[in-house]
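Shown next: protein35.cif, given as mmCIF, C-alpha atoms.
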```cif
data_protein
loop_
_atom_site.label_atom_id
_atom_site.label_comp_id
_atom_site.auth_asym_id
_atom_site.auth_seq_id
_atom_site.Cartn_x
_atom_site.Cartn_y
_atom_site.Cartn_z
CA MET Z 1 15.29 76.70 58.90
CA THR Z 2 17.45 79.84 58.84
CA MET Z 3 16.55 83.02 60.72
CA ALA Z 4 15.84 84.77 57.42
CA ALA Z 5 13.52 81.98 56.30
CA LYS Z 6 11.68 82.06 59.64
CA GLN Z 7 11.33 85.80 59.38
CA GLU Z 8 9.96 85.47 55.87
CA GLU Z 9 7.48 82.82 56.97
CA HIS Z 10 6.31 85.19 59.67
CA TRP Z 11 5.86 87.99 57.12
CA VAL Z 12 3.94 85.70 54.79
CA ASP Z 13 1.59 84.63 57.60
CA ALA Z 14 1.05 88.21 58.68
CA ALA Z 15 0.50 89.40 55.12
CA ARG Z 16 -2.10 86.67 54.63
CA ARG Z 17 -4.00 88.14 57.55
CA GLY Z 18 -3.97 91.50 55.78
CA ASP Z 19 -0.89 93.02 57.46
CA ARG Z 20 0.22 95.64 54.96
CA ALA Z 21 3.57 96.29 56.63
CA ALA Z 22 4.44 92.59 56.45
CA PHE Z 23 3.63 92.49 52.76
CA ARG Z 24 5.77 95.57 52.25
CA ARG Z 25 8.68 93.70 53.85
CA LEU Z 26 8.18 90.90 51.35
CA VAL Z 27 8.10 93.38 48.47
CA GLU Z 28 11.31 94.99 49.67
CA ALA Z 29 12.98 91.61 50.00
CA HIS Z 30 12.07 90.33 46.56
CA ALA Z 31 11.29 93.20 44.17
CA CYS Z 32 14.82 93.62 42.79
CA ALA Z 33 15.32 89.91 42.13
CA LEU Z 34 11.93 89.78 40.45
CA PHE Z 35 12.93 92.71 38.28
CA THR Z 36 16.06 90.89 37.14
CA VAL Z 37 14.19 87.76 36.08
CA CYS Z 38 11.41 89.76 34.39
CA ALA Z 39 13.96 91.87 32.54
CA ARG Z 40 15.80 88.79 31.36
CA ILE Z 41 12.58 87.54 29.84
CA THR Z 42 11.18 90.80 28.48
CA ARG Z 43 14.54 92.40 27.54
CA ASP Z 44 12.90 95.70 28.41
CA ALA Z 45 13.19 97.56 31.71
CA ALA Z 46 9.78 99.25 31.48
CA LEU Z 47 7.98 96.01 30.68
CA ALA Z 48 9.88 94.29 33.47
CA GLU Z 49 8.78 96.93 35.97
CA ASP Z 50 5.16 96.54 34.91
CA ALA Z 51 5.53 92.78 35.23
CA VAL Z 52 6.92 93.11 38.77
CA GLN Z 53 3.99 95.34 39.73
CA GLU Z 54 1.50 92.84 38.36
CA ALA Z 55 3.29 89.86 39.86
CA LEU Z 56 3.40 91.34 43.35
CA PHE Z 57 -0.21 92.42 43.16
CA ASN Z 58 -1.24 88.95 42.00
CA ALA Z 59 0.86 87.42 44.76
CA TYR Z 60 -0.91 89.61 47.33
CA ARG Z 61 -4.30 88.63 46.02
CA HIS Z 62 -3.43 84.93 46.07
CA LEU Z 63 -1.44 84.72 49.27
CA ALA Z 64 -4.09 82.36 50.59
CA ASP Z 65 -3.20 79.92 47.80
CA PHE Z 66 0.46 79.74 48.83
CA ASP Z 67 0.63 76.36 50.54
CA GLY Z 68 4.30 76.39 51.52
CA ARG Z 69 5.15 73.30 49.50
CA SER Z 70 7.70 75.30 47.53
CA ALA Z 71 9.77 78.17 48.87
CA PHE Z 72 8.00 81.54 48.86
CA LYS Z 73 10.69 82.85 46.52
CA THR Z 74 10.04 80.04 44.02
CA TRP Z 75 6.30 80.67 44.18
CA LEU Z 76 6.82 84.39 43.68
CA HIS Z 77 9.25 83.95 40.81
CA ARG Z 78 6.80 81.64 39.07
CA ILE Z 79 4.16 84.35 39.24
CA ALA Z 80 6.69 86.90 38.01
CA VAL Z 81 7.64 84.75 35.02
CA ASN Z 82 4.00 84.54 34.00
CA ALA Z 83 3.55 88.26 34.52
CA ALA Z 84 6.56 88.95 32.29
CA LEU Z 85 5.15 86.67 29.60
CA GLU Z 86 1.81 88.42 29.89
CA GLN Z 87 3.46 91.83 29.42
CA LEU Z 88 5.14 90.58 26.26
CA ARG Z 89 1.95 89.07 24.99
CA ARG Z 90 0.18 92.37 25.42
CA ARG Z 91 2.79 94.56 23.83
CA HIS Z 92 4.79 92.43 21.44
CA ARG Z 93 2.35 89.84 20.32
CA ASP Z 94 4.25 89.08 17.11
CA GLU Z 95 7.25 87.97 19.05
CA ILE Z 96 5.37 85.01 20.46
CA CYS Z 97 5.17 83.23 17.16
CA GLY Z 98 8.83 84.01 16.57
CA SER Z 99 11.68 82.14 15.19
CA ASP Z 100 11.11 78.53 16.14
CA LEU Z 101 8.64 77.90 13.35
CA GLY Z 102 9.89 74.93 11.44
CA GLU Z 103 12.61 74.43 13.97
CA SER Z 104 14.25 71.08 13.83
CA GLU Z 105 14.28 69.25 17.11
CA ASP Z 106 16.81 66.71 16.04
CA GLU Z 107 19.21 65.20 18.43
CA GLU Z 108 22.26 65.95 16.34
CA ASP Z 109 25.16 67.21 18.39
CA PHE Z 110 26.56 70.63 17.82
CA LEU Z 111 29.29 71.17 20.38
CA LEU Z 112 31.99 69.37 18.43
CA SER Z 113 31.32 71.31 15.25
CA ARG Z 114 34.14 73.54 16.31
CA VAL Z 115 35.87 72.77 19.57
CA ALA Z 116 37.29 75.96 20.95
CA GLU Z 117 40.88 76.54 21.79
CA ILE Z 118 41.90 78.43 24.90
CA PRO Z 119 40.93 82.04 24.13
CA SER Z 120 43.79 84.28 23.09
CA PRO Z 121 44.09 87.83 24.42
CA GLY Z 122 42.57 88.98 21.13
CA GLN Z 123 39.58 86.78 21.67
CA GLU Z 124 39.20 88.07 25.21
CA ALA Z 125 39.10 91.59 23.78
CA ARG Z 126 36.03 90.56 21.85
CA GLY Z 127 34.10 90.06 25.07
CA ALA Z 128 31.86 93.00 24.31
CA GLU Z 129 30.93 91.49 20.96
CA ILE Z 130 30.16 88.18 22.65
CA ARG Z 131 27.87 89.93 25.09
CA ARG Z 132 26.15 91.79 22.28
CA ARG Z 133 25.53 88.57 20.38
CA VAL Z 134 24.23 86.75 23.44
CA ASP Z 135 21.89 89.61 24.14
CA ALA Z 136 20.67 89.75 20.53
CA GLU Z 137 20.14 85.99 20.36
CA LEU Z 138 18.20 85.96 23.62
CA ALA Z 139 16.02 88.72 22.23
CA ARG Z 140 15.39 86.72 19.03
CA MET Z 141 14.38 83.49 20.77
CA THR Z 142 10.79 82.52 21.21
CA LEU Z 143 9.29 83.34 24.57
CA THR Z 144 9.17 79.71 25.58
CA GLU Z 145 12.82 79.11 24.72
CA ARG Z 146 14.05 82.27 26.39
CA THR Z 147 11.92 81.84 29.48
CA ALA Z 148 12.79 78.19 29.96
CA PHE Z 149 16.47 78.96 29.44
CA VAL Z 150 16.48 81.99 31.77
CA MET Z 151 14.67 80.05 34.46
CA ARG Z 152 17.05 77.12 34.21
CA HIS Z 153 20.32 78.91 33.59
CA ALA Z 154 20.00 82.25 35.35
CA GLU Z 155 17.43 81.41 38.00
CA GLY Z 156 18.62 77.89 38.70
CA GLN Z 157 15.06 76.58 38.77
CA SER Z 158 14.43 72.89 38.24
CA LEU Z 159 12.86 71.48 35.10
CA LYS Z 160 9.88 70.50 37.23
CA ASP Z 161 9.35 74.07 38.45
CA ILE Z 162 9.84 75.44 34.95
CA SER Z 163 7.34 73.01 33.50
CA GLN Z 164 4.77 74.08 36.09
CA ALA Z 165 5.41 77.76 35.51
CA LEU Z 166 5.11 77.45 31.74
CA SER Z 167 2.40 74.78 31.74
CA LEU Z 168 4.57 72.51 29.63
CA ASN Z 169 5.58 68.94 30.17
CA ILE Z 170 9.16 68.20 31.21
CA SER Z 171 10.09 66.97 27.75
CA ALA Z 172 8.86 70.18 26.10
CA CYS Z 173 10.84 72.18 28.67
CA LYS Z 174 13.99 70.25 27.91
CA GLN Z 175 13.49 70.77 24.18
CA ALA Z 176 13.03 74.51 24.69
CA ILE Z 177 16.28 74.68 26.68
CA PHE Z 178 18.14 72.57 24.12
CA ARG Z 179 16.96 74.86 21.32
CA ALA Z 180 17.99 77.93 23.30
CA VAL Z 181 21.48 76.57 23.96
CA ARG Z 182 21.82 75.50 20.35
CA LYS Z 183 20.86 78.97 19.13
CA LEU Z 184 23.27 80.64 21.52
CA ARG Z 185 25.99 78.33 20.37
CA GLY Z 186 25.18 79.25 16.78
CA ALA Z 187 25.33 82.94 17.60
CA LEU Z 188 28.70 82.65 19.32
CA GLN Z 189 30.37 80.26 16.89
CA PRO Z 190 31.41 82.86 14.28
CA LEU Z 191 33.55 84.51 16.96
CA ARG Z 192 35.63 81.40 17.45
CA MET K 1 26.14 62.51 15.83
CA ASN K 2 29.63 61.93 17.12
CA THR K 3 31.01 58.44 16.86
CA ILE K 4 34.16 58.20 18.92
CA ASP K 5 33.01 54.93 20.42
CA ASN K 6 29.71 53.32 21.27
CA SER K 7 29.29 54.76 24.76
CA THR K 8 30.37 58.28 23.73
CA SER K 9 28.06 58.31 20.75
CA ARG K 10 25.16 57.64 23.06
CA ILE K 11 25.94 60.74 25.14
CA SER K 12 24.40 63.54 23.14
CA ASP K 13 25.04 67.24 23.52
CA ASN K 14 21.51 67.54 24.88
CA GLU K 15 22.41 65.11 27.62
CA LEU K 16 25.55 67.12 28.35
CA ILE K 17 23.33 70.18 28.80
CA LEU K 18 21.20 68.30 31.32
CA TYR K 19 24.38 67.00 32.97
CA PHE K 20 25.65 70.57 33.26
CA TYR K 21 22.48 71.59 35.09
CA ARG K 22 22.38 68.35 37.12
CA ASP K 23 18.72 68.04 36.21
CA GLY K 24 16.53 65.80 34.09
CA LEU K 25 18.83 62.75 34.10
CA THR K 26 18.61 59.64 36.22
CA PRO K 27 21.37 59.13 38.82
CA GLU K 28 22.54 56.13 36.81
CA ARG K 29 22.89 58.21 33.65
CA MET K 30 24.70 60.93 35.58
CA ALA K 31 27.17 58.33 36.81
CA GLU K 32 27.67 56.98 33.28
CA ILE K 33 28.41 60.46 31.99
CA ASP K 34 30.76 61.07 34.94
CA ASN K 35 32.73 57.98 34.01
CA ALA K 36 32.70 58.74 30.31
CA LEU K 37 33.96 62.28 30.93
CA PHE K 38 36.83 60.86 32.91
CA ALA K 39 37.69 58.25 30.31
CA GLN K 40 37.10 60.04 27.02
CA PRO K 41 39.04 63.19 26.06
CA GLU K 42 36.72 63.94 23.14
CA LEU K 43 33.65 63.99 25.36
CA ARG K 44 35.55 66.09 27.90
CA GLN K 45 36.36 68.57 25.12
CA ARG K 46 32.71 68.86 24.16
CA TYR K 47 31.70 69.37 27.76
CA THR K 48 34.41 71.99 28.26
CA GLU K 49 33.11 73.80 25.22
CA LEU K 50 29.60 73.77 26.64
CA GLN K 51 30.81 75.09 30.00
CA ARG K 52 32.77 77.86 28.30
CA MET K 53 29.82 78.88 26.18
CA LEU K 54 27.43 78.98 29.11
CA HIS K 55 29.98 80.95 31.10
CA GLU K 56 30.12 83.51 28.29
CA ILE K 57 26.38 83.81 28.51
CA ASP K 58 26.68 84.56 32.23
CA CYS K 59 28.83 87.52 31.27
CA ALA K 60 26.02 89.10 29.27
CA PRO K 61 24.90 92.32 30.94
CA ALA K 62 22.08 91.94 33.42
CA PHE K 63 19.36 94.52 33.85
CA GLU K 64 19.63 96.31 37.17
CA PRO K 65 16.77 98.24 38.75
CA ASP K 66 17.39 101.87 39.64
CA ALA K 67 17.87 103.04 43.21
CA VAL K 68 14.23 103.94 43.86
CA PHE K 69 12.73 100.96 42.07
CA THR K 70 11.42 99.16 45.15
CA GLN K 71 9.95 102.36 46.54
CA ARG K 72 8.20 103.04 43.23
CA VAL K 73 6.83 99.51 43.05
CA TRP K 74 5.50 99.74 46.60
CA GLN K 75 3.79 103.07 45.91
CA GLY K 76 2.02 101.55 42.92
CA LEU K 77 1.05 98.46 44.90
CA ALA K 78 -0.14 100.30 47.99
CA SER K 79 -2.88 102.13 46.14
CA ARG K 80 -4.06 98.92 44.45
CA ILE K 81 -4.03 96.99 47.71
CA ASP K 82 -6.06 99.72 49.40
CA ALA K 83 -8.58 99.54 46.59
CA GLU K 84 -9.08 95.81 47.07
CA PRO K 85 -9.07 94.75 50.72
CA LEU K 86 -8.12 91.16 51.43
CA PRO K 87 -11.14 89.65 53.29
CA SER K 88 -13.69 90.24 50.54
CA ARG K 89 -11.33 88.71 48.02
CA THR K 90 -11.01 85.57 50.09
CA ARG K 91 -14.79 85.20 50.28
CA ARG K 92 -15.10 85.68 46.53
CA SER K 93 -12.42 83.12 45.83
CA TRP K 94 -14.17 80.58 48.09
CA LEU K 95 -17.48 81.29 46.38
CA ALA K 96 -15.94 80.99 42.94
CA GLU K 97 -14.51 77.61 43.88
CA TRP K 98 -17.88 76.43 45.13
CA ILE K 99 -19.57 77.59 41.95
CA ALA K 100 -16.92 75.84 39.88
CA ARG K 101 -17.97 72.52 41.42
CA LEU K 102 -21.44 72.95 40.03
CA ALA K 103 -20.22 72.64 36.46
CA PRO K 104 -23.04 70.57 34.92
CA ALA K 105 -25.78 72.76 36.38
CA ARG K 106 -23.81 75.80 35.40
CA ILE K 107 -23.84 74.85 31.73
CA ILE K 108 -27.66 74.98 31.74
CA VAL K 109 -27.67 78.27 33.64
CA THR K 110 -25.05 79.62 31.24
CA VAL K 111 -27.16 78.87 28.21
CA PHE K 112 -30.19 80.65 29.68
CA THR K 113 -28.17 83.58 31.01
CA LEU K 114 -26.39 84.08 27.74
CA ALA K 115 -29.58 83.79 25.79
CA PHE K 116 -30.85 86.59 28.03
CA ALA K 117 -27.62 88.59 27.52
CA VAL K 118 -27.84 88.16 23.75
CA ALA K 119 -31.47 89.24 23.80
CA ILE K 120 -30.63 92.37 25.82
CA GLY K 121 -27.76 93.19 23.48
CA PHE K 122 -30.00 92.62 20.49
CA TYR K 123 -32.76 94.77 22.01
CA ALA K 124 -30.34 97.59 22.84
CA GLY K 125 -28.91 97.45 19.32
CA ARG K 126 -32.32 97.59 17.68
CA HIS K 127 -33.83 100.44 19.67
CA GLY K 128 -32.29 103.73 18.64
CA THR K 129 -28.84 105.24 18.89
CA ALA K 130 -29.43 106.78 22.32
CA PRO K 131 -30.67 104.03 24.59
CA SER K 132 -32.38 104.94 27.83
CA ASP K 133 -30.57 104.62 31.16
CA ASP K 134 -32.39 101.36 31.82
CA ALA K 135 -31.30 99.90 28.50
CA ALA K 136 -27.73 101.07 29.08
CA GLN K 137 -27.67 99.50 32.53
CA ALA K 138 -29.11 96.29 31.20
CA HIS K 139 -26.50 96.28 28.45
CA ALA K 140 -23.69 96.82 30.98
CA ALA K 141 -25.06 94.04 33.16
CA SER K 142 -25.27 91.63 30.23
CA THR K 143 -21.68 92.49 29.28
CA ARG K 144 -20.52 91.70 32.82
CA VAL K 145 -22.36 88.38 32.75
CA LEU K 146 -20.92 87.55 29.37
CA ASP K 147 -17.37 88.41 30.45
CA ALA K 148 -17.63 86.28 33.58
CA TYR K 149 -18.80 83.27 31.60
CA VAL K 150 -16.30 83.80 28.78
CA ALA K 151 -13.43 83.98 31.29
CA ASP K 152 -14.64 80.70 32.77
CA HIS K 153 -15.00 79.19 29.30
CA LEU K 154 -11.44 80.22 28.42
CA ARG K 155 -10.14 78.65 31.62
CA ALA K 156 -11.83 75.39 30.65
CA THR K 157 -10.42 75.72 27.12
CA GLU K 158 -6.94 76.27 28.50
CA GLY K 159 -7.25 73.11 30.60
CA LEU K 160 -8.42 71.19 27.57
CA LEU K 161 -5.53 72.38 25.41
CA LEU K 162 -3.01 71.61 28.16
CA THR K 163 -4.34 68.08 28.41
CA ALA K 164 -4.27 67.72 24.63
CA VAL K 165 -0.64 68.87 24.56
CA ASN K 166 0.65 66.99 27.55
CA THR K 167 -1.00 63.60 27.71
CA ASP K 168 -0.89 60.38 25.75
CA SER K 169 -3.36 58.70 28.09
CA ASN K 170 -6.33 57.26 26.17
CA GLU K 171 -8.56 57.74 29.20
CA LEU K 172 -7.71 61.43 29.54
CA ASN K 173 -8.02 61.97 25.82
CA ALA K 174 -11.50 60.39 25.85
CA GLY K 175 -12.56 62.80 28.59
CA ASN K 176 -10.96 65.63 26.67
CA ARG K 177 -12.98 64.76 23.56
CA GLU K 178 -16.25 64.98 25.50
CA LEU K 179 -15.23 68.24 27.09
CA ALA K 180 -14.20 69.65 23.69
CA ALA K 181 -17.59 68.73 22.21
CA ALA K 182 -19.32 70.60 25.04
CA LEU K 183 -17.00 73.57 24.66
CA VAL K 184 -17.67 73.82 20.91
CA GLN K 185 -21.34 74.50 21.65
CA SER K 186 -20.71 77.11 24.33
CA ASN K 187 -17.91 78.65 22.25
CA ARG K 188 -20.37 79.38 19.43
CA LEU K 189 -22.83 80.88 21.85
CA TYR K 190 -20.18 83.12 23.44
CA ALA K 191 -18.89 84.21 20.02
CA LEU K 192 -22.41 85.17 19.02
CA ALA K 193 -23.03 87.00 22.29
CA ALA K 194 -19.69 88.83 22.02
CA ALA K 195 -20.49 89.92 18.46
CA ARG K 196 -23.94 91.10 19.57
CA SER K 197 -22.49 93.12 22.43
CA GLY K 198 -20.06 94.81 20.03
CA ASN K 199 -16.89 93.02 21.15
CA ALA K 200 -15.68 92.01 17.69
CA ARG K 201 -12.17 91.22 18.90
CA LEU K 202 -13.39 88.67 21.41
CA ALA K 203 -15.86 87.23 18.91
CA ASP K 204 -13.06 86.79 16.34
CA PHE K 205 -10.81 85.13 18.85
CA LEU K 206 -13.52 82.69 19.91
CA ARG K 207 -14.18 81.81 16.28
CA GLN K 208 -10.44 81.23 15.88
CA ILE K 209 -10.52 78.67 18.71
CA GLU K 210 -13.39 76.67 17.26
CA PRO K 211 -11.43 74.62 14.68
CA VAL K 212 -9.04 73.47 17.41
CA LEU K 213 -11.91 72.48 19.69
CA LEU K 214 -13.46 70.59 16.79
CA GLU K 215 -10.14 68.89 16.09
CA VAL K 216 -9.90 67.68 19.70
CA ALA K 217 -13.59 66.73 19.82
CA ASN K 218 -13.37 64.67 16.64
CA GLN K 219 -10.08 62.95 17.26
CA PRO K 220 -10.73 59.20 17.01
CA ALA K 221 -10.05 57.13 20.13
CA ASP K 222 -7.39 55.14 18.29
CA ALA K 223 -5.76 58.19 16.73
CA PRO K 224 -2.13 57.50 15.88
CA ILE K 225 0.46 59.38 17.85
CA GLU K 226 1.34 61.41 14.72
CA SER K 227 -2.08 63.01 14.64
CA ARG K 228 -1.71 64.08 18.29
CA GLU K 229 1.75 65.37 17.47
CA GLY K 230 0.25 67.42 14.65
CA LEU K 231 -2.09 69.15 17.08
CA ARG K 232 0.72 69.73 19.56
CA GLU K 233 2.91 71.18 16.85
CA TYR K 234 0.10 73.46 15.73
CA LEU K 235 -0.49 74.68 19.28
CA ARG K 236 3.21 75.27 19.78
CA LYS K 237 3.65 77.19 16.55
CA THR K 238 0.58 79.36 16.91
CA ASP K 239 0.93 79.90 20.66
CA LEU K 240 -2.83 79.55 20.87
CA LEU K 241 -2.48 78.50 24.49
CA PHE K 242 -0.79 81.78 25.34
CA GLN K 243 -3.46 83.68 23.45
CA VAL K 244 -6.20 81.88 25.37
CA ARG K 245 -4.57 82.86 28.65
CA ALA K 246 -4.00 86.43 27.51
CA THR K 247 -7.62 86.81 26.39
CA GLN K 248 -8.85 85.29 29.63
CA ALA K 249 -6.71 87.73 31.65
CA ARG K 250 -7.97 90.63 29.53
CA VAL K 251 -11.59 89.64 29.99
CA ASP K 252 -11.08 89.20 33.73
CA ALA K 253 -9.37 92.58 33.97
CA ALA K 254 -12.10 94.32 31.98
CA ASN K 255 -14.75 92.81 34.21
CA ARG K 256 -12.91 93.82 37.38
CA HIS K 257 -12.59 97.33 36.00
CA ARG K 258 -16.32 97.52 35.30
CA THR K 259 -17.28 96.23 38.76
#
```
Represent the supplied structure as structure tokens.
Amino acid sequence: MTMAAKQEEHWVDAARRGDRAAFRRLVEAHACALFTVCARITRDAALAEDAVQEALFNAYRHLADFDGRSAFKTWLHRIAVNAALEQLRRRHRDEICGSDLGESEDEEDFLLSRVAEIPSPGQEARGAEIRRRVDAELARMTLTERTAFVMRHAEGQSLKDISQALSLNISACKQAIFRAVRKLRGALQPLR
Amino acid sequence: MNTIDNSTSRISDNELILYFYRDGLTPERMAEIDNALFAQPELRQRYTELQRMLHEIDCAPAFEPDAVFTQRVWQGLASRIDAEPLPSRTRRSWLAEWIARLAPARIIVTVFTLAFAVAIGFYAGRHGTAPSDDAAQAHAASTRVLDAYVADHLRATEGLLLTAVNTDSNELNAGNRELAAALVQSNRLYALAAARSGNARLADFLRQIEPVLLEVANQPADAPIESREGLREYLRKTDLLFQVRATQARVDAANRHRT
């Protein structure tokens, strides 16, 4: 165990006993990373900040439930993901039933539909457009797709952790990620 | 589906995605894909395309918190933490767990308590537009009782729906059917009590859940997989599970606020 991990374990133990200063250390260590993941899911800085507040408060209230089987960071991020989803549910309820209605879950491949060449300088110059499209497509995805994809791709969390966080089975998690990648591919393809 | 050769055609783009993340594939399958990538230029091209695309996604702008974000978050948290000291919470959580183990007895108590809550709500509604302090207090108390039981009911409903979505086990589904039948009864009672206490939104939501509970309760033991898939698809499309959780959180929050 690294020094930092030992230190964190000490803070967690102390915070469990009601040590405010120790909990503050944990907040300072994790708040920014939590903001990033919440913002990736909510696509809104204000909602993300509210989600971080709620997540940290929930974490404080349930510190006794943290059993150390997963890393504290993983546990905290799982709470944050749910808090971000809850913020979206409260404020953008329509988005939940978004664009995957009638979505095909076929296994047909899509990557070979247009195999890319090495990007030319002109294509590189379109980087801003690529970023805009990625951002727009992420915003259009259903919550489940976006959250599963963000947790897997940006957070590096395992399918098992994602399935627990989203209360889905592994297969449903995989399908959500596949759909997300497929949609992103569709959004980027016209630029090729 | 691509058909370069038999082994390539069996490696789908979805599998390449899992391969990219090194997750969700058996070690044997990973090794097969390793070998195929080495041997087959077409597969390598597809994988390169996937890597490039996912790299482009990494370049999308990330949200960054401002310089005083952590300080602001802590200020907000500090006041909430002060308002709810840790030891009393721990006791309540232990008590709640203990109560949860008394589920069968609790159902009987619930029925009587809710009948009482409905009666109070009914009485308060019938007797004038300006109820006395006693009536108002009784009404508030009955609302708190109702909220506590509804939150518990929604937790049970969430568990039921999760089982319905995630399992193909006949044993679990049989248990789920019995639970659903019990929940249908209490769901009607809670919907009635919510309507009586003036919470039309909650009453509507509970009525919205009832057909799904009935569907689970009445699913035959030998139901074909398609019929289970239909329910799963419905739950996925409507996000009813999310709504159950959201309502439960709202009810919990409202109750905490009142107490």
**Prompt:** Counting all atoms listed in the file, which residues of chain K come no farther than 9 Å from chain Z, as a VMD selection string?
**Reply:** chain K and resid 1 to 2 12 to 14 17 to 18 21 23 to 24 42 to 43 45 to 50 52 to 54 56 to 65 69 to 71 73 to 74 76 to 78 80 to 81 84 to 87 89 to 90 162 165 to 167 236 to 239 242 to 243 245 to 246 249
Output file for the selection above: C-alpha atoms, as a PDB file, in the coordinates of the input:
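As written to disk, part_36.pdb reads:
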```pdb
ATOM      1  CA  MET K   1      26.140  62.510  15.830  1.00  0.00           C
ATOM      2  CA  ASN K   2      29.630  61.930  17.120  1.00  0.00           C
ATOM      3  CA  SER K  12      24.400  63.540  23.140  1.00  0.00           C
ATOM      4  CA  ASP K  13      25.040  67.240  23.520  1.00  0.00           C
ATOM      5  CA  ASN K  14      21.510  67.540  24.880  1.00  0.00           C
ATOM      6  CA  ILE K  17      23.330  70.180  28.800  1.00  0.00           C
ATOM      7  CA  LEU K  18      21.200  68.300  31.320  1.00  0.00           C
ATOM      8  CA  TYR K  21      22.480  71.590  35.090  1.00  0.00           C
ATOM      9  CA  ASP K  23      18.720  68.040  36.210  1.00  0.00           C
ATOM     10  CA  GLY K  24      16.530  65.800  34.090  1.00  0.00           C
ATOM     11  CA  GLU K  42      36.720  63.940  23.140  1.00  0.00           C
ATOM     12  CA  LEU K  43      33.650  63.990  25.360  1.00  0.00           C
ATOM     13  CA  GLN K  45      36.360  68.570  25.120  1.00  0.00           C
ATOM     14  CA  ARG K  46      32.710  68.860  24.160  1.00  0.00           C
ATOM     15  CA  TYR K  47      31.700  69.370  27.760  1.00  0.00           C
ATOM     16  CA  THR K  48      34.410  71.990  28.260  1.00  0.00           C
ATOM     17  CA  GLU K  49      33.110  73.800  25.220  1.00  0.00           C
ATOM     18  CA  LEU K  50      29.600  73.770  26.640  1.00  0.00           C
ATOM     19  CA  ARG K  52      32.770  77.860  28.300  1.00  0.00           C
ATOM     20  CA  MET K  53      29.820  78.880  26.180  1.00  0.00           C
ATOM     21  CA  LEU K  54      27.430  78.980  29.110  1.00  0.00           C
ATOM     22  CA  GLU K  56      30.120  83.510  28.290  1.00  0.00           C
ATOM     23  CA  ILE K  57      26.380  83.810  28.510  1.00  0.00           C
ATOM     24  CA  ASP K  58      26.680  84.560  32.230  1.00  0.00           C
ATOM     25  CA  CYS K  59      28.830  87.520  31.270  1.00  0.00           C
ATOM     26  CA  ALA K  60      26.020  89.100  29.270  1.00  0.00           C
ATOM     27  CA  PRO K  61      24.900  92.320  30.940  1.00  0.00           C
ATOM     28  CA  ALA K  62      22.080  91.940  33.420  1.00  0.00           C
ATOM     29  CA  PHE K  63      19.360  94.520  33.850  1.00  0.00           C
ATOM     30  CA  GLU K  64      19.630  96.310  37.170  1.00  0.00           C
ATOM     31  CA  PRO K  65      16.770  98.240  38.750  1.00  0.00           C
ATOM     32  CA  PHE K  69      12.730 100.960  42.070  1.00  0.00           C
ATOM     33  CA  THR K  70      11.420  99.160  45.150  1.00  0.00           C
ATOM     34  CA  GLN K  71       9.950 102.360  46.540  1.00  0.00           C
ATOM     35  CA  VAL K  73       6.830  99.510  43.050  1.00  0.00           C
ATOM     36  CA  TRP K  74       5.500  99.740  46.600  1.00  0.00           C
ATOM     37  CA  GLY K  76       2.020 101.550  42.920  1.00  0.00           C
ATOM     38  CA  LEU K  77       1.050  98.460  44.900  1.00  0.00           C
ATOM     39  CA  ALA K  78      -0.140 100.300  47.990  1.00  0.00           C
ATOM     40  CA  ARG K  80      -4.060  98.920  44.450  1.00  0.00           C
ATOM     41  CA  ILE K  81      -4.030  96.990  47.710  1.00  0.00           C
ATOM     42  CA  GLU K  84      -9.080  95.810  47.070  1.00  0.00           C
ATOM     43  CA  PRO K  85      -9.070  94.750  50.720  1.00  0.00           C
ATOM     44  CA  LEU K  86      -8.120  91.160  51.430  1.00  0.00           C
ATOM     45  CA  PRO K  87     -11.140  89.650  53.290  1.00  0.00           C
ATOM     46  CA  ARG K  89     -11.330  88.710  48.020  1.00  0.00           C
ATOM     47  CA  THR K  90     -11.010  85.570  50.090  1.00  0.00           C
ATOM     48  CA  LEU K 162      -3.010  71.610  28.160  1.00  0.00           C
ATOM     49  CA  VAL K 165      -0.640  68.870  24.560  1.00  0.00           C
ATOM     50  CA  ASN K 166       0.650  66.990  27.550  1.00  0.00           C
ATOM     51  CA  THR K 167      -1.000  63.600  27.710  1.00  0.00           C
ATOM     52  CA  ARG K 236       3.210  75.270  19.780  1.00  0.00           C
ATOM     53  CA  LYS K 237       3.650  77.190  16.550  1.00  0.00           C
ATOM     54  CA  THR K 238       0.580  79.360  16.910  1.00  0.00           C
ATOM     55  CA  ASP K 239       0.930  79.900  20.660  1.00  0.00           C
ATOM     56  CA  PHE K 242      -0.790  81.780  25.340  1.00  0.00           C
ATOM     57  CA  GLN K 243      -3.460  83.680  23.450  1.00  0.00           C
ATOM     58  CA  ARG K 245      -4.570  82.860  28.650  1.00  0.00           C
ATOM     59  CA  ALA K 246      -4.000  86.430  27.510  1.00  0.00           C
ATOM     60  CA  ALA K 249      -6.710  87.730  31.650  1.00  0.00           C
TER      61      ALA K 249
END
```
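Our summary of the geometry notes that CA of Leu161 (chain K) is positioned 20.3 Å from CA of Thr147 (chain Z).
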**Message:** Just to confirm, what's the straight-line distance from CA of Glu155 (chain Z) to CA of Leu76 (chain Z) in Å (one decimal)?
**Reply:** 12.4 Å
**Prompt:** If you apply the PyMOL selection byres ((chain K and resi 33-39) around 8) to this file, what residues do you get, as a list in words?
**Reply:**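 In the shown coordinates, the PyMOL selection byres ((chain K and resi 33-39) around 8) covers Ser7, Thr8, Ile11, Tyr19, Arg29, Met30, Ala31, Glu32, Gln40, Pro41, Leu43 and Arg44 of chain K.
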**Prompt:** If the PyMOL selection byres ((chain K and resi 194) around 9) is run on the structure shown, which residues does it catch, given as a PyMOL selection string?
**Reply:** chain K and resi 118+143+146-147+189-193+195-204+206
